[in-house]
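Down below is the structure, laid out as structure tokens.
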Protein chains: 2
Amino acid sequence: MINDKRSQIKKEINLENENNMMRKNQSWKRILFGAVILFAPSFIGRAWGGSSEDGSQLWLRYNKVNTCQVKTNGQSPTIDIAVRELSDYYQGPTVTLMIDKEQKEPLINDGFIIKNDTIKACNDLGLLYGAYELLRLQKEDNPLLRSKEFMRGIKSEPYYSLRLLNHWDNLDGSIERGYAGKSIFWDKDQAKLSKNNTQRLIEYARANASIGINGTVLNNVNASPKILTKPYLQEVKRIADILRPYGIRVYLSINFATPLALKQTKTADPLDKKVAEWWKKKAKDIYKLIPDFGGFLVKANSEGQPGPFDYNRSHADGANMLADALKPYGGIVMWRCFVYGAKHKGEDRVKQAVSEFQPLDGQFRDNVILQTKNGPLDFQPREPYSPIFDQIQKTPNMVELQITQEYLGQSRHLVYLAPMWREFFVYVHPNKLRAIAGVANIGDDANWCGHHFSQANWYAFGRLAWDPFLKSERIAREWLRQTFTLDKGFVEPMQRVMMESREACVNYMMPLGLHHIFSFDHHYGPEPDGFKAEYPIEWCPVYYHKADAKGIGFDRSSTGSDAVSQYREPLNKIYNDLESCPEEYLLWFHHVPWNYQMKSGLTLWQEMQEKYNSGVRDVERFCMIWDNMKPYLQNDMQRWNEVKARMDHQLENARKWRDVCLNYFGSFAKGQNAGSK
Amino acid sequence: MINDKRSQIKKEINLENENNMMRKNQSWKRILFGAVILFAPSFIGRAWGGSSEDGSQLWLRYNKVNTCQVKTNGQSPTIDIAVRELSDYYQGPTVTLMIDKEQKEPLINDGFIIKNDTIKACNDLGLLYGAYELLRLQKEDNPLLRSKEFMRGIKSEPYYSLRLLNHWDNLDGSIERGYAGKSIFWDKDQAKLSKNNTQRLIEYARANASIGINGTVLNNVNASPKILTKPYLQEVKRIADILRPYGIRVYLSINFATPLALKQTKTADPLDKKVAEWWKKKAKDIYKLIPDFGGFLVKANSEGQPGPFDYNRSHADGANMLADALKPYGGIVMWRCFVYGAKHKGEDRVKQAVSEFQPLDGQFRDNVILQTKNGPLDFQPREPYSPIFDQIQKTPNMVELQITQEYLGQSRHLVYLAPMWREFFVYVHPNKLRAIAGVANIGDDANWCGHHFSQANWYAFGRLAWDPFLKSERIAREWLRQTFTLDKGFVEPMQRVMMESREACVNYMMPLGLHHIFSFDHHYGPEPDGFKAEYPIEWCPVYYHKADAKGIGFDRSSTGSDAVSQYREPLNKIYNDLESCPEEYLLWFHHVPWNYQMKSGLTLWQEMQEKYNSGVRDVERFCMIWDNMKPYLQNDMQRWNEVKARMDHQLENARKWRDVCLNYFGSFAKGQNAGSK
């Protein structure tokens with residue numbers, strides 16, 4: 001973060017210049033578009049070339065060309081943006097934007113067809129998405145643009161209709177698990193709507209629209225009741241008005257006990273009529289201000305949050321009461337399944353979500369979606385998928401992915417997450433999900449995400465929410481080509497580095513199914529010996545690795561906690577058997593002797609050393625490669641330097657992880673005839 | 001070789017016991033089979049179980065069961081062997097061997113069909129091969145035996161009709177590039193036909209038959225004229241008689257100047273009538289003794305050997321003269337293309353074979369086959385394929401592979417060669433070849449090949465000669481399961497070690513297309529600074545790597561020696577362009593700056609360090625794995641110990657290779673801004 005302040009200043013200077021330029025060149029457009037100008041992106045696309053960049057442009061580094069005549073058969077703030085983007089940045093003579101609701105092959109909402117110079121869609125947002133697709137293809141010099149396929153028309157439709165970011169932003173401007181500065185939405189208990197920040201929100205909306213994200217939860221799941229008070233809802237409305245033209249609906253995290261906390265009811269019991277009435281009234285108020293309000297995200301009876309258990313009611317009781325309140329307006333409830341330590345205290349933590357929710361399956365209203373993290377624990381570098389996706393059959397599911405790298409080196413480590421998410425989809429087919437959410441890594445740092453390469457995770461999340469079958473390699477490639485340079489001498493090695501980065505991180509942090517051996521609270525460095533009597537045992541590393549003289553790992557087989565039984569056939573059997581259990585999950589499911597023979601022929605302890613060492617070697621290699629990339633970024637030294645500083649730090653961390661873990665585990669393993677190096 | 005003497009003694013003791021046992025149990029059979037007994041394998045299958053083994057049984061470690069009744073509609077020494085093998089070792093009630101020359105689908109010679117308990121073939125040898133197939137499937141507990149496919153019948157036919165071993169055995173009993181003791185054929189200028197060694201030759205024949213090898217060249221290509229003298233031909237006849245029932249024809253390497261050397265002519269000019277007459281007469285004599293004699297293998301005008309150039313005649317003149325002599329008897333000439341330093345002295349050595357032979361294409365008799373090494377240089381750990389296979393279109397080609405690991409750690413390093421040979425077939429489709437030969441790694445060491453794992457290369461050569469499309473993994477697996485144990489805890493890791501071993505060797509010796517930086521003469525250790533003014537420059541390492549202040553590698557592009565032009569389209573273009581040249585051949589084809597950026601993003605010098613280090617790490621891992629394999633070989637400690645000693649040695653060597661090479665090349669690379677580690 002060393003350079004963030006400097007670059008923030010720089011950015012403001014740039015903006016100043018930019019605004020001047022805009023005033024000079026585009027006053028005619030301002031007159032033409034009138035009110036829409038507020039949402040137009042033209043002043044974002046600043047001139048850049050030889051000078052350093054600070055990463056604030058993300059992957060949208062378009063050169064203004066003003067060569068394109070854009071025709072359209074519709075008019076709306078959203079279409080206006082599409083027109084503006086293309087006329088500013090598309091390097092072609094003409095583009096036609098056509099709303100066509102009665103096509104031969106009907107298009108899914110927000111989908112589009114691009115055929116030569118025409119973009120067709122059945123709604124305004126589809127046209128905007130089509131415009132960004134065209135600009136992306138051009139920016140990354142995609143050969144598709146010159147292909148026969150393109151002449152015949154390419155069609156693109158979102159796989160999920162709900163593609164959401166979750167911001168864990170607190171109303172005081174801090175961000176839980178945020179590593180890139182302060183909230184872009186909130187500051188000192190009000191919405192950040194200074195002129196500068198309004199601009200920032202437009203840039204935010206534009207970036208999301210460019211990758212197809214169409215919803216955002218504006219506040220932390222550990223929600224303050226205040227968010228539902230009138231002054232705050234007014235602020236939310238202002239934000240919603242800014243985001244709306246870009247097709248982004250706002251949602252809010254709510255505190256389940258809000259009416260009680262605000263002292264407007266005497267209870268928060270979901271079956272209490274007054275409580276239900278309160279919520280109905282609240283929903284009405286919200287929709288009056290924000291007619292397209294998306295709905296609520298709820299963390300209830302989880303990590304100290306209030307919830308229906310407090311009144312001896314079920315999650316279904318709680319969710320349904322809220323769903324009934326939102327139903328008349330088309331709103332939804334996203335009810336989180338991240339629960340432990342409440343009703344099933346003492347049970348293996350990774351089993352508790354299924355224990356709690358499976359019996360309720362079928363009892364939820366049809367506008368409730370259960371939102372579950374990809375893994376059953378908590379966003380570890382590698383987890384098996386959460387078996388709730390097997391167990392919940394009648395209620396819609398959605399997955400909560402974490403873009404912010406809480407457990408993956410935060411904004412210090414270059415770790416590209418798309419391969420991790422794609423791994424999840426191997427086990428949970430995308431068609432089992434109704435929607436998808438990602439916990440954002442966005443803050444007010446000049447470059448949005450802290451690490452320039454963390455932008456790729458935001459980008460990849462959006463692209464996968466649109467099409468979960470896109471390959472990680474392709475996403476990395478298109479992101480690199482837009483964000484840095486088309487030069488394959490840069491793109492190919494860095495694509496490979498990105499692709500290998502997550503496995504490297506698993507190896508230097510927690511190979512072979514190890515998990516949650518992080519330092520307390522901040523979840524950054526290693527603390528395999530971590531134990532604090534005053535903390536819940538499920539927060540203590542020793543609870544998870546269970547290293548002892550005989551071996552290491554958490555026995556979740558049928559002779560242990562039996563977490564395996566929550567998985568569908570035949571995975572339950574495969575995981576249950578030490579011999580067939582995939583080695584990347586070995587210590588997740590089994591307590592394994594130090595001298596257990598791995599498939600490689602090494603003992604577990606030898607293999608563990610190999611993994612830790614290879615993770616460190618990978619980072620050493622990544623650092624060498626980044627050093628070699630310097631010539632490609634000669635006019636981009638700020639970004640090169642900032643990444644360089646972070647990679648040096650990552651290497652230092654990786655070595656520390658290895659040394660601390662091998663030293664600690666070695667104290668058990670050595671002398672156990674575990675094979676020596 | 002520490003244990004070889006001890007194991008030799010042990011083996012002799014075993015044989016003694018075995019012979020006693022045989023005498024006791026099987027005297028009835030001896031009476032029954034009469035003369036054939038000499039060739040019967042029953043006394044090879046010694047009882048084994050708890051006791052140590054010395055590797056002398058190779059992959060033929062069958063338990064005698066005597067449960068099988070074998071019926072047959074033919075009778076011949078070859079069929080008798082098949083009957084004996086099955087009745088001794090096949091664990092089933094009955095097998096029928098059927099010669100069937102008029103099948104619906106005709107079988108290629110030596111092919112067979114196994115359907116349940118019946119083996120069908122169109123010749124005797126096909127039945128023998130079928131018998132060994134059945135025994136192999138049983139020994140390795142192949143599920144095919146219990147499959148529906150097997151019930152419907154499996155058919156197997158050799159891809160090549162000529163599947164030859166080449167022995168570089170000298171008549172004094174030494175072996176050129178032999179690392180497993182002395183010759184099994186020759187000793188002190190006569191055939192080794194003591195009782196013990198006759199038994200050895202039967203075991204040799206049996207082992208070859210079990211993998212389908214059907215020809216063998218008994219003497220070194222650097223051939224003594226003496227081999228064609230009467231006394232020697234008598235010896236050859238005796239060997240041929242031993243090998244014949246196993247379907248193995250004998251061939252001889254000949255010295256082109258034999259009649260002159262023996263002072264029976266005044267010249268060896270192939271166009272001299274008396275010379276031609278001499279060869280015709282010689283052929284007649286040979287075929288009188290050995291009616292199924294295979295033919296001649298000829299190294300002419302190569303590394304000091306005489307040849308037609310000595311009389312200003314061409315290779316075609318020489319080969320055709322010999323071919324004419326053999327033609328009446330069905331014999332062939334295998335004329336080696338391994339030539340350099342003769343007519344095209346000064347030209348890039350790897351180009352000379354094409355320069356010399358391509359103009360002659362079409363001028364050879366139809367019983368001449370050109371025999372060329374897989375690569376254009378000389379059996380390096382990795383070479384691109386020899387472009388002669390592109391350039392010679394009208395004359396039949398055969399490949400000469402080297403089973404003995406002259407340049408791959410000899411009998412000291414565990415290096416499984418099947419992946420290298422399969423890599424050759426990627427570039428030269430097997431259907432471009434008429435035949436296949438392998439330079440044997442067989443000597444009189446108790447375990448035949450020096451390193452127990454070198455046996456796998458003999459085995460793999462035979463299996464690939466039968467079916468070049470067999471996967472290396474499968475061959476390794478079936479070899480391991482027959483040779484050591486069925487236990488997958490042993491087989492799976494060791495299969496992986498075998499599969500990775502060749503790439504590891506390339507990496508710790510000569511990565512990225514480096515070649516021939518071996519110590520002079522013995523071709524074992526590294527000598528990158530090797531230069532001797534008194535030697536031909538093509539023997540000096542510095543000639544091949546050309547390291548200097550700017551970079552490293554041999555420029556064979558169109559701006560260099562233009563060796564690339566000998567390759568077919570589009571490979572010539574791909575190799576010629578530094579950017580598209582596969583990196584495993586980079587320094588073979590190009591002189592490359594030390595700071596050249598590799599595809600990984602590392603500089604050449606960094607990548608070179610990575611490769612050397614990763615090769616060493618691989619061997620470290622192989623050693624750990626072998627240590628861990630000890631429990632599987634608790635009753636097989638001799639073999640475990642012998643392999644262990646060699647692997648320790650290999651690791652020491654690998655480290656030396658890395659250190660010597662990085663130290664030497666580093667003296668050029670460092671300070672060249674080649675990227676630092």
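Every chain in the structure tokens has a letter given in the order shown (A, B, ...), and although residue numbers restart at 1 in each chain, ligands are simply numbered from 1 in the order shown.
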So that I can check the surroundings of Met420 in chain B, please list as a ChimeraX atom specification every protein, DNA and RNA residue that reaches within 9 Å of it, counting only C-alpha atoms and ignoring chain neighbours fewer than 6 positions away.
/B:381-382,502-503
Written file, previous selection with N, CA, C and O atoms, as a short mmCIF file (atom, residue, chain, number, x, y, z; two decimals), in the first residue's frame:
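Okay, this is what ended up in again_5.cif:
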data_model
loop_
_atom_site.label_atom_id
_atom_site.label_comp_id
_atom_site.auth_asym_id
_atom_site.auth_seq_id
_atom_site.Cartn_x
_atom_site.Cartn_y
_atom_site.Cartn_z
N PRO B 381 20.64 -38.12 -24.84
CA PRO B 381 19.43 -38.20 -24.00
C PRO B 381 18.20 -37.62 -24.71
O PRO B 381 17.10 -38.12 -24.56
N ARG B 382 18.41 -36.55 -25.45
CA ARG B 382 17.33 -36.08 -26.33
C ARG B 382 17.92 -35.51 -27.59
O ARG B 382 18.81 -34.68 -27.57
N ARG B 502 13.44 -40.47 -17.66
CA ARG B 502 14.19 -40.00 -18.82
C ARG B 502 14.24 -38.48 -18.86
O ARG B 502 15.29 -37.89 -19.16
N GLU B 503 13.13 -37.83 -18.55
CA GLU B 503 13.14 -36.37 -18.55
C GLU B 503 14.05 -35.85 -17.45
O GLU B 503 14.75 -34.84 -17.64
#
Given a cut-off of 7 Å, which residues of chain A touch chain B, counting only C-alpha atoms, written out as a ChimeraX atom specification?
/A:492-493,599-602,624-625,628
Write out as a PyMOL selection string each polymer residue whose atoms come within 12 Å of Gln405 in chain B, counting only C-alpha atoms; drop sequence neighbours fewer than 2 positions from it.
chain B and resi 176-180+378-381+401-403+407-417+420+438-442+449-451+453-458+502+505+522-524
Tell me, which residues of range 464-653 of chain A carry DSSP helix (DSSP H, G or I), written as number ranges by chain?
A: 464-466, 472-483, 488-509, 511-513, 537-539, 541-545, 563-566, 571-576, 583-589, 604-628, 630-633, 637-653
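The gap separating CA of Leu586 in chain B from CA of Val354 in chain B is 21.4 Å, in Å to one decimal.
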To one decimal place in Å, what is the distance between CA of Tyr427 in chain B and CA of Pro570 in chain B?
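Between these atoms lies a distance of 11.9 Å.
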Using only C-alpha atoms, which protein or nucleic acid residues come within 9 Å of Leu165 in chain B? Drop anything in the same chain fewer than 6 positions from it, and give the result as a VMD selection string.
chain B and resid 213 to 218 436 to 440 462
Range 341-350 of chain A surroundings by only C-alpha atoms, 8 Å radius, close-in-sequence under 4 positions cut, as a VMD selection string:
chain A and resid 301 to 303 355 to 356 376 to 377 538 561 563
With N, CA and C atoms retained, write the just-selected residues as a tab-separated table (two decimals), in the first residue's frame.
chain	number	residue	atom	x	y	z
A	301	ASN	N	-28.14	-16.09	13.15
A	301	ASN	CA	-27.65	-17.12	14.08
A	301	ASN	C	-26.33	-17.72	13.61
A	302	SER	N	-25.44	-16.82	13.31
A	302	SER	CA	-24.12	-17.22	12.83
A	302	SER	C	-23.11	-16.26	13.40
A	303	GLU	N	-22.12	-16.79	14.08
A	303	GLU	CA	-21.06	-15.96	14.64
A	303	GLU	C	-21.60	-14.76	15.41
A	355	SER	N	-26.54	-30.19	8.76
A	355	SER	CA	-27.37	-30.61	9.90
A	355	SER	C	-28.50	-29.61	10.13
A	356	GLU	N	-28.20	-28.36	9.92
A	356	GLU	CA	-29.16	-27.33	10.24
A	356	GLU	C	-30.18	-27.10	9.12
A	376	PRO	N	-17.24	-26.18	2.85
A	376	PRO	CA	-18.02	-26.27	4.08
A	376	PRO	C	-17.39	-25.54	5.26
A	377	LEU	N	-16.13	-25.09	5.12
A	377	LEU	CA	-15.50	-24.40	6.25
A	377	LEU	C	-15.54	-22.88	6.01
A	538	GLU	N	-13.35	-24.11	17.33
A	538	GLU	CA	-13.38	-24.10	15.86
A	538	GLU	C	-12.60	-22.92	15.26
A	561	SER	N	-15.57	-38.05	12.30
A	561	SER	CA	-16.76	-37.20	12.43
A	561	SER	C	-17.84	-37.58	11.42
A	563	ALA	N	-18.22	-36.73	8.41
A	563	ALA	CA	-18.63	-35.68	7.47
A	563	ALA	C	-18.76	-36.24	6.06
Any idea what's packed within 7 Å of range 371-374 of chain A, counting only C-alpha atoms, ignoring anything in its chain fewer than 3 positions away? Could you give it as a PyMOL selection string?
chain A and resi 334-338+385-386+397-401+424
Just the selected residues (all heavy atoms), exported as a compact mmCIF listing (two decimals), in the first residue's frame, please.
# COMPACT_ATOMS: atom_id res chain seq x y z
N MET A 334 -31.75 -13.77 0.27
CA MET A 334 -30.61 -14.69 0.18
C MET A 334 -30.21 -15.02 1.60
O MET A 334 -29.70 -14.16 2.32
CB MET A 334 -29.47 -14.03 -0.61
CG MET A 334 -29.90 -13.76 -2.06
SD MET A 334 -28.77 -12.65 -2.94
CE MET A 334 -29.13 -11.09 -2.15
N TRP A 335 -30.50 -16.22 1.99
CA TRP A 335 -30.32 -16.63 3.40
C TRP A 335 -29.05 -17.47 3.47
O TRP A 335 -28.93 -18.50 2.82
CB TRP A 335 -31.53 -17.45 3.83
CG TRP A 335 -31.58 -17.71 5.30
CD1 TRP A 335 -31.05 -18.76 5.97
CD2 TRP A 335 -32.22 -16.89 6.29
NE1 TRP A 335 -31.30 -18.66 7.30
CE2 TRP A 335 -32.02 -17.51 7.54
CE3 TRP A 335 -32.93 -15.68 6.24
CZ2 TRP A 335 -32.52 -16.98 8.73
CZ3 TRP A 335 -33.43 -15.16 7.43
CH2 TRP A 335 -33.23 -15.80 8.65
N ARG A 336 -28.09 -16.98 4.25
CA ARG A 336 -26.78 -17.64 4.27
C ARG A 336 -26.78 -18.91 5.12
O ARG A 336 -27.38 -18.95 6.19
CB ARG A 336 -25.70 -16.68 4.76
CG ARG A 336 -25.47 -15.53 3.80
CD ARG A 336 -24.49 -14.53 4.37
NE ARG A 336 -23.10 -14.86 4.06
CZ ARG A 336 -22.16 -15.03 4.96
NH1 ARG A 336 -22.43 -15.00 6.25
NH2 ARG A 336 -20.91 -15.27 4.59
N CYS A 337 -26.11 -19.91 4.62
CA CYS A 337 -26.00 -21.18 5.34
C CYS A 337 -24.69 -21.29 6.11
O CYS A 337 -24.34 -22.36 6.58
CB CYS A 337 -26.11 -22.34 4.36
SG CYS A 337 -27.72 -22.42 3.58
N PHE A 338 -23.96 -20.20 6.18
CA PHE A 338 -22.69 -20.22 6.91
C PHE A 338 -23.00 -20.14 8.41
O PHE A 338 -23.01 -19.07 9.00
CB PHE A 338 -21.83 -19.04 6.46
CG PHE A 338 -20.51 -18.94 7.17
CD1 PHE A 338 -19.52 -19.92 6.98
CD2 PHE A 338 -20.24 -17.89 8.03
CE1 PHE A 338 -18.31 -19.81 7.63
CE2 PHE A 338 -19.01 -17.80 8.69
CZ PHE A 338 -18.06 -18.76 8.49
N TYR A 385 -15.90 -29.33 -1.91
CA TYR A 385 -17.12 -28.52 -2.03
C TYR A 385 -18.02 -28.75 -0.83
O TYR A 385 -17.91 -29.76 -0.13
CB TYR A 385 -17.84 -28.85 -3.34
CG TYR A 385 -18.52 -30.20 -3.35
CD1 TYR A 385 -19.89 -30.32 -3.09
CD2 TYR A 385 -17.81 -31.37 -3.63
CE1 TYR A 385 -20.52 -31.55 -3.11
CE2 TYR A 385 -18.44 -32.60 -3.65
CZ TYR A 385 -19.79 -32.69 -3.38
OH TYR A 385 -20.40 -33.91 -3.40
N SER A 386 -18.92 -27.82 -0.63
CA SER A 386 -19.84 -27.95 0.48
C SER A 386 -20.94 -28.96 0.12
O SER A 386 -21.61 -28.81 -0.90
CB SER A 386 -20.48 -26.61 0.79
OG SER A 386 -21.45 -26.77 1.79
N ASN A 397 -30.44 -22.99 -4.53
CA ASN A 397 -29.14 -22.71 -3.93
C ASN A 397 -28.41 -21.64 -4.71
O ASN A 397 -28.59 -21.50 -5.91
CB ASN A 397 -28.25 -23.96 -3.99
CG ASN A 397 -28.68 -25.02 -2.99
OD1 ASN A 397 -28.66 -24.78 -1.79
ND2 ASN A 397 -29.11 -26.17 -3.50
N MET A 398 -27.57 -20.90 -4.01
CA MET A 398 -26.59 -20.08 -4.72
C MET A 398 -25.25 -20.21 -4.00
O MET A 398 -25.21 -20.53 -2.81
CB MET A 398 -27.03 -18.62 -4.84
CG MET A 398 -27.14 -17.84 -3.57
SD MET A 398 -27.93 -16.20 -3.84
CE MET A 398 -26.61 -15.32 -4.66
N VAL A 399 -24.20 -20.02 -4.75
CA VAL A 399 -22.89 -20.14 -4.14
C VAL A 399 -22.34 -18.76 -3.81
O VAL A 399 -22.57 -17.79 -4.54
CB VAL A 399 -21.90 -20.91 -5.04
CG1 VAL A 399 -21.59 -20.13 -6.31
CG2 VAL A 399 -20.61 -21.24 -4.29
N GLU A 400 -21.66 -18.69 -2.67
CA GLU A 400 -20.96 -17.47 -2.30
C GLU A 400 -19.46 -17.73 -2.46
O GLU A 400 -18.89 -18.53 -1.72
CB GLU A 400 -21.29 -17.12 -0.84
CG GLU A 400 -20.59 -15.89 -0.30
CD GLU A 400 -21.00 -15.60 1.16
OE1 GLU A 400 -22.21 -15.52 1.46
OE2 GLU A 400 -20.09 -15.49 2.01
N LEU A 401 -18.87 -17.12 -3.45
CA LEU A 401 -17.43 -17.22 -3.64
C LEU A 401 -16.78 -16.00 -2.99
O LEU A 401 -17.43 -14.97 -2.81
CB LEU A 401 -17.10 -17.28 -5.14
CG LEU A 401 -17.78 -18.40 -5.92
CD1 LEU A 401 -17.53 -18.24 -7.42
CD2 LEU A 401 -17.30 -19.77 -5.46
N PHE A 424 -14.50 -25.93 -8.12
CA PHE A 424 -15.79 -26.08 -7.45
C PHE A 424 -16.87 -26.56 -8.43
O PHE A 424 -17.64 -27.47 -8.13
CB PHE A 424 -16.19 -24.74 -6.82
CG PHE A 424 -17.62 -24.67 -6.34
CD1 PHE A 424 -18.02 -25.31 -5.17
CD2 PHE A 424 -18.58 -23.98 -7.08
CE1 PHE A 424 -19.34 -25.26 -4.75
CE2 PHE A 424 -19.90 -23.93 -6.65
CZ PHE A 424 -20.28 -24.57 -5.48
With only C-alpha atoms as the atoms that count, which of A:Arg249, A:Lys394, A:Lys195, A:Arg365 lies nearest to Asp317 in chain A?
A:Arg365
Shortest interatomic distance to Ala191 in chain A - which of A:Ile211, A:Leu233, A:Ala645, A:Ala223, counting only C-alpha atoms
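Residue with the minimum atom-to-atom distance to Ala191 in chain A: A:Leu233.
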For range 508-517 of chain A, work out the shell of residues within 6 Å, counting only C-alpha atoms and skipping chain neighbours fewer than 5 positions away, then give it as a short mmCIF file (atom, residue, chain, number, x, y, z; two decimals) with C-alpha atoms, in the first residue's frame.
data_model
loop_
_atom_site.label_atom_id
_atom_site.label_comp_id
_atom_site.auth_asym_id
_atom_site.auth_seq_id
_atom_site.Cartn_x
_atom_site.Cartn_y
_atom_site.Cartn_z
CA GLU A 527 0.05 -20.32 13.26
CA PRO A 528 -0.13 -24.10 13.24
CA PRO A 541 -5.59 -24.29 14.17
CA GLU A 583 -4.66 -36.58 -2.01
CA GLU A 584 -5.47 -32.88 -2.25
CA TYR A 585 -8.20 -33.57 0.34
CA LEU A 586 -6.35 -36.23 2.29
CA LEU A 587 -5.84 -34.42 5.60
CA TRP A 588 -9.25 -32.84 5.33
CA TYR A 612 5.90 -26.78 0.92
CA GLY A 615 5.24 -23.85 -3.35
CA VAL A 616 8.15 -21.66 -2.33
CA ALA A 654 5.83 -18.15 1.46
CA TRP A 657 4.84 -20.40 5.88
CA ARG A 658 7.08 -23.25 4.85
#
Quick one: distance from CA of Trp594 in chain A to CA of Ala669 in chain A in Å, one decimal?
5.9 Å
So which one's closest to Gly551 in chain A, A:Lys532, A:Asp467, A:Val368, A:Ser667? Using only C-alpha atoms, please.
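Of A:Lys532, A:Asp467, A:Val368, A:Ser667, the one nearest Gly551 in chain A is A:Ser667, counting only C-alpha atoms.
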Best match for closeness to Gln391 in chain A among A:Ala460, A:Gln566, A:Tyr311, A:Ala435, counting only C-alpha atoms
A:Gln566
Among range 98-265 of chain A, which residues does DSSP mark as strand (DSSP E) when it is run on the backbone? Keep the chain and numbering as in the structure and answer as a PyMOL selection string.
chain A and resi 98-99+112-115+118-121+154-156+163-166+186-187+190-191+215-217+249-254
